[in-house]
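Next up, protein_36.cif (mmCIF, C-alpha atoms):
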```cif
data_input
loop_
_atom_site.label_atom_id
_atom_site.label_comp_id
_atom_site.auth_asym_id
_atom_site.auth_seq_id
_atom_site.Cartn_x
_atom_site.Cartn_y
_atom_site.Cartn_z
CA MET A 1 96.63 86.53 137.41
CA LEU A 2 99.69 88.36 136.07
CA SER A 3 101.41 85.04 135.33
CA GLY A 4 99.14 84.77 132.30
CA PHE A 5 100.92 87.79 130.84
CA TRP A 6 104.45 86.28 130.65
CA TRP A 7 104.17 86.32 126.86
CA LEU A 8 104.27 90.14 126.90
CA PRO A 9 107.85 90.70 128.23
CA VAL A 10 109.11 87.76 126.14
CA VAL A 11 107.81 89.29 122.89
CA VAL A 12 108.71 92.87 123.84
CA VAL A 13 112.37 92.11 124.69
CA ALA A 14 112.74 90.17 121.42
CA CYS A 15 111.31 93.09 119.41
CA VAL A 16 113.52 95.62 121.21
CA GLY A 17 116.52 93.33 120.65
CA ASP A 18 115.72 93.19 116.93
CA VAL A 19 115.51 97.00 116.59
CA ILE A 20 118.65 97.74 118.65
CA ALA A 21 120.70 95.09 116.83
CA GLN A 22 119.51 96.28 113.42
CA ILE A 23 120.43 99.92 114.13
CA ALA A 24 123.79 98.94 115.66
CA TRP A 25 124.52 96.63 112.72
CA LEU A 26 123.77 99.34 110.16
CA ARG A 27 125.81 101.91 112.11
CA CYS A 28 128.80 99.53 112.35
CA PHE A 29 128.58 98.13 108.80
CA PRO A 30 126.89 100.81 106.66
CA ALA A 31 128.35 99.36 103.45
CA GLY A 32 126.38 96.15 104.05
CA GLY A 33 123.14 98.00 103.42
CA ILE A 34 119.85 98.21 105.27
CA TYR A 35 118.47 94.83 104.16
CA ARG A 36 121.43 92.87 105.50
CA SER A 37 121.14 94.79 108.81
CA MET A 38 117.48 93.77 109.04
CA VAL A 39 118.44 90.10 108.64
CA GLY A 40 121.05 90.60 111.39
CA GLY A 41 118.48 92.27 113.65
CA PHE A 42 115.98 89.47 113.04
CA ILE A 43 118.54 86.79 113.99
CA VAL A 44 119.49 88.63 117.21
CA GLY A 45 115.81 89.18 118.09
CA THR A 46 115.10 85.47 117.53
CA ALA A 47 118.01 84.55 119.82
CA VAL A 48 116.64 86.93 122.50
CA LEU A 49 113.16 85.37 122.09
CA ILE A 50 114.57 81.86 122.55
CA GLY A 51 116.58 82.99 125.60
CA ALA A 52 113.56 84.69 127.18
CA SER A 53 111.38 81.64 126.41
CA VAL A 54 113.89 79.42 128.22
CA ILE A 55 113.83 81.73 131.27
CA TRP A 56 110.01 81.78 131.32
CA ARG A 57 109.61 78.19 130.08
CA ASP A 58 106.88 77.15 132.51
CA ARG A 59 104.15 77.67 129.90
CA PRO A 60 102.46 75.45 127.26
CA ILE A 61 104.44 74.96 124.04
CA THR A 62 101.57 76.55 122.07
CA ALA A 63 102.10 79.80 124.03
CA HIS A 64 105.78 79.79 122.96
CA VAL A 65 104.80 79.18 119.33
CA ALA A 66 102.33 82.08 119.53
CA ASP A 67 105.16 84.27 120.94
CA LEU A 68 107.26 83.34 117.91
CA GLY A 69 104.32 84.11 115.61
CA MET A 70 103.91 87.57 117.14
CA TYR A 71 107.64 88.24 116.92
CA VAL A 72 107.71 87.22 113.23
CA CYS A 73 104.76 89.58 112.60
CA PHE A 74 106.66 92.39 114.33
CA ALA A 75 109.82 91.67 112.29
CA TYR A 76 107.74 91.74 109.10
CA ILE A 77 106.16 95.08 110.13
CA TYR A 78 109.56 96.52 111.05
CA PHE A 79 110.93 95.38 107.67
CA HIS A 80 108.09 97.21 105.91
CA TRP A 81 108.60 100.32 108.05
CA ASN A 82 112.27 100.49 107.04
CA ASN A 83 111.45 99.52 103.46
CA MET A 84 108.97 102.42 103.25
CA GLY A 85 111.78 104.83 104.11
CA GLU A 86 114.08 103.06 101.66
CA THR A 87 111.76 102.67 98.66
CA GLY A 88 108.44 104.43 99.37
CA ARG A 89 107.60 107.01 96.73
CA ARG A 90 105.19 108.91 98.98
CA VAL A 91 107.80 108.99 101.74
CA ARG A 92 110.42 110.37 99.34
CA LEU A 93 107.96 113.04 98.12
CA LEU A 94 107.09 113.91 101.75
CA ILE A 95 110.79 114.36 102.56
CA GLU A 96 111.37 116.47 99.41
CA LEU A 97 108.45 118.72 100.38
CA ALA A 98 109.53 118.84 104.04
CA ASN A 99 112.95 120.08 102.89
CA ALA A 100 111.31 122.84 100.82
CA PRO A 101 109.15 124.91 103.23
CA ALA A 102 108.27 127.39 100.46
CA GLY A 103 106.70 124.54 98.49
CA LEU A 104 107.51 122.96 95.15
CA THR A 105 105.63 123.02 91.87
CA ARG A 106 104.89 119.67 90.24
CA PRO A 107 107.62 120.16 87.60
CA GLN A 108 110.10 120.99 90.42
CA LEU A 109 109.05 117.86 92.30
CA LEU A 110 109.44 115.75 89.15
CA ALA A 111 112.88 117.26 88.55
CA ARG A 112 113.95 116.13 92.06
CA TYR A 113 112.31 112.70 91.89
CA SER A 114 111.49 111.35 88.45
CA ALA A 115 110.21 108.06 87.07
CA LYS A 116 113.64 107.45 85.50
CA GLU A 117 115.32 107.65 88.93
CA ILE A 118 112.68 105.29 90.37
CA VAL A 119 113.24 102.75 87.58
CA ASP A 120 117.05 103.06 87.73
CA ARG A 121 117.13 102.54 91.52
CA ARG A 122 114.98 99.43 91.25
CA ILE A 123 116.90 97.94 88.35
CA GLY A 124 120.06 98.54 90.42
CA ARG A 125 118.56 96.71 93.41
CA LEU A 126 117.35 93.82 91.23
CA LEU A 127 120.79 93.46 89.62
CA GLU A 128 122.57 93.74 92.98
CA SER A 129 120.38 91.02 94.53
CA SER A 130 120.73 88.85 91.35
CA GLN A 131 116.97 88.83 90.80
CA VAL A 132 117.65 89.88 87.19
CA VAL A 133 120.71 89.80 84.94
CA ALA A 134 121.66 92.26 82.23
CA SER A 135 122.85 91.25 78.81
CA GLY A 136 123.74 94.47 77.03
CA SER A 137 120.69 96.68 77.39
CA ARG A 138 118.34 93.73 77.92
CA LEU A 139 117.17 92.53 81.33
CA MET A 140 116.29 88.92 82.08
CA LEU A 141 114.84 87.16 85.12
CA ARG A 142 117.29 85.06 87.09
CA ASN A 143 115.84 84.38 90.54
CA PRO A 144 112.09 83.70 90.81
CA SER A 145 111.63 84.85 94.45
CA VAL A 146 110.43 88.41 93.67
CA LEU A 147 108.33 86.95 90.84
CA ALA A 148 106.68 84.63 93.40
CA MET A 149 105.93 87.66 95.61
CA THR A 150 104.57 89.50 92.56
CA ARG A 151 102.27 86.57 91.77
CA MET A 152 101.05 86.50 95.40
CA ILE A 153 100.26 90.23 95.35
CA GLY A 154 98.55 89.73 91.96
CA LEU A 155 96.40 87.00 93.53
CA LEU A 156 95.40 89.28 96.44
CA LYS A 157 94.52 92.02 93.90
CA ARG A 158 92.26 89.50 92.12
CA ILE A 159 90.63 88.40 95.40
CA LEU A 160 89.91 92.02 96.35
CA ARG A 161 89.06 92.92 92.71
CA ILE A 162 91.57 95.74 92.52
CA GLU A 163 92.51 96.70 88.96
CA SER A 164 96.19 96.41 88.19
CA VAL A 165 98.68 96.01 85.39
CA LEU A 166 99.76 92.90 87.30
CA VAL A 167 96.30 91.42 86.79
CA ARG A 168 96.17 92.44 83.12
CA SER A 169 99.62 93.39 81.83
CA PRO A 170 99.71 96.04 79.08
CA GLU A 171 100.59 94.64 75.67
CA MET B 1 96.09 75.42 121.68
CA ALA B 2 93.31 78.04 121.70
CA VAL B 3 95.74 80.94 121.24
CA LEU B 4 97.35 79.36 118.15
CA LEU B 5 94.05 78.66 116.44
CA LEU B 6 91.93 81.56 117.63
CA GLY B 7 94.43 84.39 116.90
CA PRO B 8 94.70 83.53 113.17
CA ALA B 9 90.94 82.72 113.10
CA LEU B 10 90.10 86.22 114.37
CA PHE B 11 92.32 87.69 111.64
CA ALA B 12 90.63 85.45 109.04
CA LEU B 13 87.26 86.77 110.21
CA SER B 14 88.49 90.37 109.90
CA PHE B 15 89.83 89.64 106.39
CA LEU B 16 86.41 88.27 105.41
CA VAL B 17 84.70 91.45 106.68
CA HIS B 18 87.33 93.53 104.80
CA TRP B 19 86.66 91.56 101.59
CA ILE B 20 82.88 92.04 101.92
CA VAL B 21 83.21 95.80 102.53
CA TRP B 22 85.62 96.16 99.60
CA GLN B 23 83.16 94.33 97.28
CA ILE B 24 80.36 96.70 98.30
CA ARG B 25 82.45 99.89 98.02
CA ARG B 26 86.13 100.54 98.59
CA PRO B 27 86.54 103.44 101.07
CA LYS B 28 88.43 106.56 99.98
CA ALA B 29 90.92 106.66 102.87
CA THR B 30 91.62 102.94 102.61
CA GLY B 31 94.50 102.83 105.09
CA GLN B 32 92.53 104.34 107.98
CA ALA B 33 89.42 102.33 107.10
CA LEU B 34 91.41 99.10 106.98
CA ILE B 35 93.03 99.71 110.38
CA LEU B 36 89.67 100.47 112.01
CA LEU B 37 87.92 97.55 110.34
CA LEU B 38 90.54 94.90 111.15
CA THR B 39 91.13 96.12 114.71
CA GLY B 40 87.40 96.38 115.38
CA THR B 41 86.66 92.91 114.02
CA VAL B 42 89.51 91.17 115.89
CA ILE B 43 88.63 92.82 119.23
CA GLY B 44 84.87 92.63 118.62
CA GLY B 45 85.10 88.97 117.58
CA ALA B 46 87.06 88.10 120.73
CA LEU B 47 84.52 89.98 122.86
CA VAL B 48 81.59 88.10 121.28
CA LEU B 49 83.35 84.76 121.92
CA TRP B 50 84.15 85.73 125.52
CA LEU B 51 80.51 86.67 126.13
CA GLY B 52 79.42 83.48 124.34
CA ALA B 53 81.58 81.39 126.67
CA HIS B 54 79.81 82.94 129.65
CA ALA B 55 76.38 82.34 128.13
CA ALA B 56 77.14 78.76 127.00
CA PRO B 57 79.67 77.14 129.35
CA GLY B 58 80.12 74.20 126.92
CA LEU B 59 81.86 76.59 124.53
CA SER B 60 84.50 77.61 127.07
CA GLN B 61 86.45 74.33 126.69
CA PHE B 62 87.49 75.51 123.19
CA LEU B 63 88.41 79.05 124.29
CA PRO B 64 91.27 80.59 126.33
CA GLY B 65 91.00 79.89 130.04
CA ASP B 66 92.25 83.13 131.60
CA VAL B 67 92.58 86.82 130.85
CA GLY B 68 96.31 86.56 130.01
CA VAL B 69 95.69 83.94 127.32
CA TRP B 70 92.77 85.98 125.97
CA ALA B 71 95.07 89.01 125.74
CA GLN B 72 97.74 86.93 123.96
CA THR B 73 95.10 85.62 121.52
CA VAL B 74 93.87 89.13 120.68
CA ALA B 75 97.47 90.42 120.42
CA PHE B 76 98.33 87.57 118.04
CA GLY B 77 95.28 88.34 115.86
CA LEU B 78 96.15 92.06 115.87
CA ALA B 79 99.80 91.32 115.01
CA ILE B 80 98.74 89.37 111.91
CA ALA B 81 96.28 92.16 111.04
CA ALA B 82 99.05 94.79 111.39
CA ALA B 83 101.31 92.75 109.09
CA TYR B 84 98.48 92.68 106.53
CA VAL B 85 97.90 96.46 106.85
CA LEU B 86 101.58 97.02 106.00
CA THR B 87 101.27 94.69 102.97
CA TYR B 88 98.09 96.35 101.73
CA PRO B 89 99.68 99.39 99.97
CA ALA B 90 101.50 96.98 97.63
CA ILE B 91 98.10 95.45 96.83
CA GLU B 92 96.30 98.73 96.25
CA VAL B 93 98.92 100.71 94.31
CA GLU B 94 101.31 99.47 91.68
CA SER B 95 104.65 98.54 93.21
CA PRO B 96 107.26 99.60 90.63
CA ILE B 97 109.55 96.66 91.37
CA MET B 98 106.72 94.17 90.89
CA VAL B 99 105.62 95.83 87.65
CA ILE B 100 109.24 95.70 86.41
CA ILE B 101 109.50 92.00 87.29
CA ASP B 102 106.11 91.32 85.67
CA LEU B 103 107.11 93.11 82.45
CA ILE B 104 110.46 91.30 82.24
CA GLU B 105 108.74 87.96 82.84
CA HIS B 106 106.13 88.66 80.15
CA ALA B 107 108.89 89.57 77.68
CA GLY B 108 110.01 85.92 77.72
CA PRO B 109 113.45 84.33 77.73
CA GLY B 110 114.93 87.00 75.44
CA GLY B 111 114.41 89.60 78.15
CA LEU B 112 113.24 93.20 77.96
CA GLU B 113 115.00 96.34 76.72
CA ARG B 114 115.74 98.81 79.53
CA ASP B 115 114.28 101.62 77.35
CA GLU B 116 110.97 99.77 77.23
CA LEU B 117 110.76 100.09 81.03
CA TYR B 118 111.43 103.87 80.82
CA ARG B 119 108.71 104.14 78.16
CA ARG B 120 106.07 102.22 80.10
CA LEU B 121 106.92 103.43 83.60
CA ASP B 122 106.82 107.19 83.12
CA ASP B 123 106.09 110.08 85.51
CA ASP B 124 102.34 109.80 84.87
CA PHE B 125 102.42 106.15 85.98
CA LEU B 126 104.92 106.28 88.85
CA VAL B 127 105.04 109.77 90.36
CA THR B 128 101.96 111.88 89.58
CA PRO B 129 99.47 109.43 91.21
CA ARG B 130 101.60 109.42 94.38
CA ILE B 131 101.62 113.25 94.47
CA ASP B 132 97.82 113.11 94.11
CA ASP B 133 97.72 110.58 97.00
CA LEU B 134 99.45 113.12 99.28
CA MET B 135 96.69 115.62 98.46
CA SER B 136 93.80 113.16 98.90
CA GLU B 137 95.21 111.92 102.22
CA GLY B 138 95.47 115.50 103.52
CA LEU B 139 99.27 115.37 103.76
CA ALA B 140 99.83 118.17 101.22
CA VAL B 141 97.91 120.90 99.40
CA ASP B 142 98.34 122.02 95.81
CA GLY B 143 98.22 125.84 95.80
CA ALA B 144 99.03 128.59 93.30
CA ASP B 145 102.71 128.59 94.35
CA GLY B 146 103.05 124.82 94.27
CA CYS B 147 102.64 121.85 96.60
CA ARG B 148 103.12 122.37 100.34
CA LEU B 149 102.85 119.98 103.25
CA THR B 150 100.01 120.32 105.73
CA ASP B 151 100.78 120.07 109.47
CA LYS B 152 99.91 116.37 109.29
CA GLY B 153 102.23 115.86 106.32
CA ARG B 154 105.04 117.85 107.97
CA SER B 155 104.79 115.71 111.14
CA LEU B 156 104.88 112.48 109.13
CA GLY B 157 107.76 113.72 107.00
CA ARG B 158 109.69 114.68 110.16
CA ILE B 159 109.21 111.18 111.61
CA PHE B 160 110.81 109.61 108.51
CA ILE B 161 113.63 112.21 108.43
CA VAL B 162 114.46 111.55 112.12
CA TRP B 163 114.28 107.76 111.64
CA ARG B 164 116.54 107.88 108.56
CA ASN B 165 119.00 110.02 110.59
CA ILE B 166 118.98 107.45 113.42
CA LEU B 167 119.79 104.73 110.86
CA GLY B 168 122.40 106.96 109.21
CA ALA B 169 120.70 106.15 105.91
CA GLU B 170 120.70 108.31 102.80
CA LEU B 171 117.61 109.60 101.01
CA GLY B 172 115.55 106.65 99.78
CA GLY B 173 113.02 106.41 97.00
#
```

Can I see the file as structure tokens?
Amino acid sequence: MLSGFWWLPVVVVACVGDVIAQIAWLRCFPAGGIYRSMVGGFIVGTAVLIGASVIWRDRPITAHVADLGMYVCFAYIYFHWNNMGETGRRVRLLIELANAPAGLTRPQLLARYSAKEIVDRRIGRLLESSQVVASGSRLMLRNPSVLAMTRMIGLLKRILRIESVLVRSPE
Amino acid sequence: MAVLLLGPALFALSFLVHWIVWQIRRPKATGQALILLLTGTVIGGALVLWLGAHAAPGLSQFLPGDVGVWAQTVAFGLAIAAAYVLTYPAIEVESPIMVIIDLIEHAGPGGLERDELYRRLDDDFLVTPRIDDLMSEGLAVDGADGCRLTDKGRSLGRIFIVWRNILGAELGG
């Protein structure tokens, strides 16, 4: 009966391999940044998954494909978890408040974390990843991949009927 | 083959239920509601099919044959659902990076002035609604001497602080 559960250790060791490799990568090469470490972790986790699938290969191919599907879902979730810490506004506000046990007024919070900082950080990331280019003080699109993601999120907003500036941009 | 088809099908069913509920009325605590709804539908849907296979043996040829494959099917459906739950905040609230990309794209080939982004994406658009979210989710309270974290908010904040320390990462945002 337990033989039906071989998928569980295969997926778990791949996920653990991804996390350990990502942390080790970031610790060894901090200048490379968190996103590159996540790509490194994903590659190592995939290699572990393939290795574990070879060891426990006496299963239908569809079971192996489902293992891969679950691992990709985990990697996507892990990416979002790290991305929340990296870019999440609520997470940043939580950390600012956690570091100020006496509390902070709204103006104090805004002085520590303002819209200008949020915009500057994101423009920096977009320039660094060559999604946009700067010509003087003007910004232009260069790579359409984030635009494609934006369109997909806009579509989901439409399907769920959630109002958004992405659905109707301000003029 | 059942695991490959049924896992995503169970998620598709849960997405349909989510869409119907959201058309009737979007819950206030959307994150918690979404987790309960998707998890309940995936597990409940699998349970109904499992019972159906026992009631109508002809159905069982299309369904997983043993408990291990059933577990893998449900886990696959839940994994897709979890990935969707993590995507959902970007659907519900405005992601600054997506708004920036959208505004630059709408500006056309000549591009957009950086100052225009500062003008449109101000504190009232980017920060104040997120502070309000902390209050409505019970993570913080807004008192006479300012905003303070609740126990729930302090625990969540500590998790992120510890995780960022493990990564050796600086303050994000």

Discussion item. Show me, as a PyMOL selection string, every residue of chain B with an atom at most 7 Å from chain A, counting all atoms listed in the file.
Written reply: chain B and resi 1+3-4+19+22+68-69+76+79-80+83+86+91-92+94+97-99+101-102+104-105+109+111-114+118+121-123+126-127+130+145-149+153-154+157+160-161+167-168+172-173

Fill in: From B:Leu47, B:Ala81, B:Ala71, B:Ile35, residue lying nearest B:Ala12 [all atoms listed in the file]
B:Ala81

Worksheet item: Do you know which residues are at most 12 Å from B:Ser14 counting all atoms listed in the file, after dropping those on the same chain fewer than 4 positions away, and could you put them as an MDAnalysis selection string?
Response: chainID B and resid 7:10 18:21 34:46 77:78 80:82 84:85

Preceding selection exported with C-alpha atoms as a short mmCIF file (atom, residue, chain, number, x, y, z; two decimals), in the coordinates of the input:
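Output saved as again-v1.cif:
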```
data_model
loop_
_atom_site.label_atom_id
_atom_site.label_comp_id
_atom_site.auth_asym_id
_atom_site.auth_seq_id
_atom_site.Cartn_x
_atom_site.Cartn_y
_atom_site.Cartn_z
CA GLY B 7 94.43 84.39 116.90
CA PRO B 8 94.70 83.53 113.17
CA ALA B 9 90.94 82.72 113.10
CA LEU B 10 90.10 86.22 114.37
CA HIS B 18 87.33 93.53 104.80
CA TRP B 19 86.66 91.56 101.59
CA ILE B 20 82.88 92.04 101.92
CA VAL B 21 83.21 95.80 102.53
CA LEU B 34 91.41 99.10 106.98
CA ILE B 35 93.03 99.71 110.38
CA LEU B 36 89.67 100.47 112.01
CA LEU B 37 87.92 97.55 110.34
CA LEU B 38 90.54 94.90 111.15
CA THR B 39 91.13 96.12 114.71
CA GLY B 40 87.40 96.38 115.38
CA THR B 41 86.66 92.91 114.02
CA VAL B 42 89.51 91.17 115.89
CA ILE B 43 88.63 92.82 119.23
CA GLY B 44 84.87 92.63 118.62
CA GLY B 45 85.10 88.97 117.58
CA ALA B 46 87.06 88.10 120.73
CA GLY B 77 95.28 88.34 115.86
CA LEU B 78 96.15 92.06 115.87
CA ILE B 80 98.74 89.37 111.91
CA ALA B 81 96.28 92.16 111.04
CA ALA B 82 99.05 94.79 111.39
CA TYR B 84 98.48 92.68 106.53
CA VAL B 85 97.90 96.46 106.85
#
```

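Nearest residue to B:Ile100 among A:Val54, A:Thr46, A:Cys28, A:Gly124 is A:Gly124, counting only C-alpha atoms.
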
Worksheet item: Counting only C-alpha atoms, what is within 12 Å of B:Gly52, bar same-chain residues fewer than 6 positions away, as a PyMOL selection string?
Response: chain B and resi 45-46+58-63

Output file for the residues above (C-alpha atoms, as a PDB file, keeping the file's coordinate frame):
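Result saved to result-v1.pdb:
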```pdb
ATOM      1  CA  GLY B  45      85.100  88.970 117.580  1.00  0.00           C
ATOM      2  CA  ALA B  46      87.060  88.100 120.730  1.00  0.00           C
ATOM      3  CA  GLY B  58      80.120  74.200 126.920  1.00  0.00           C
ATOM      4  CA  LEU B  59      81.860  76.590 124.530  1.00  0.00           C
ATOM      5  CA  SER B  60      84.500  77.610 127.070  1.00  0.00           C
ATOM      6  CA  GLN B  61      86.450  74.330 126.690  1.00  0.00           C
ATOM      7  CA  PHE B  62      87.490  75.510 123.190  1.00  0.00           C
ATOM      8  CA  LEU B  63      88.410  79.050 124.290  1.00  0.00           C
TER       9      LEU B  63
END
```

Worksheet item: Taking the file as shown, what set of residues would the PyMOL selection byres ((chain A and resi 21) around 10) give back, as a PyMOL selection string?
Response: chain A and resi 15-20+22-27+37-45
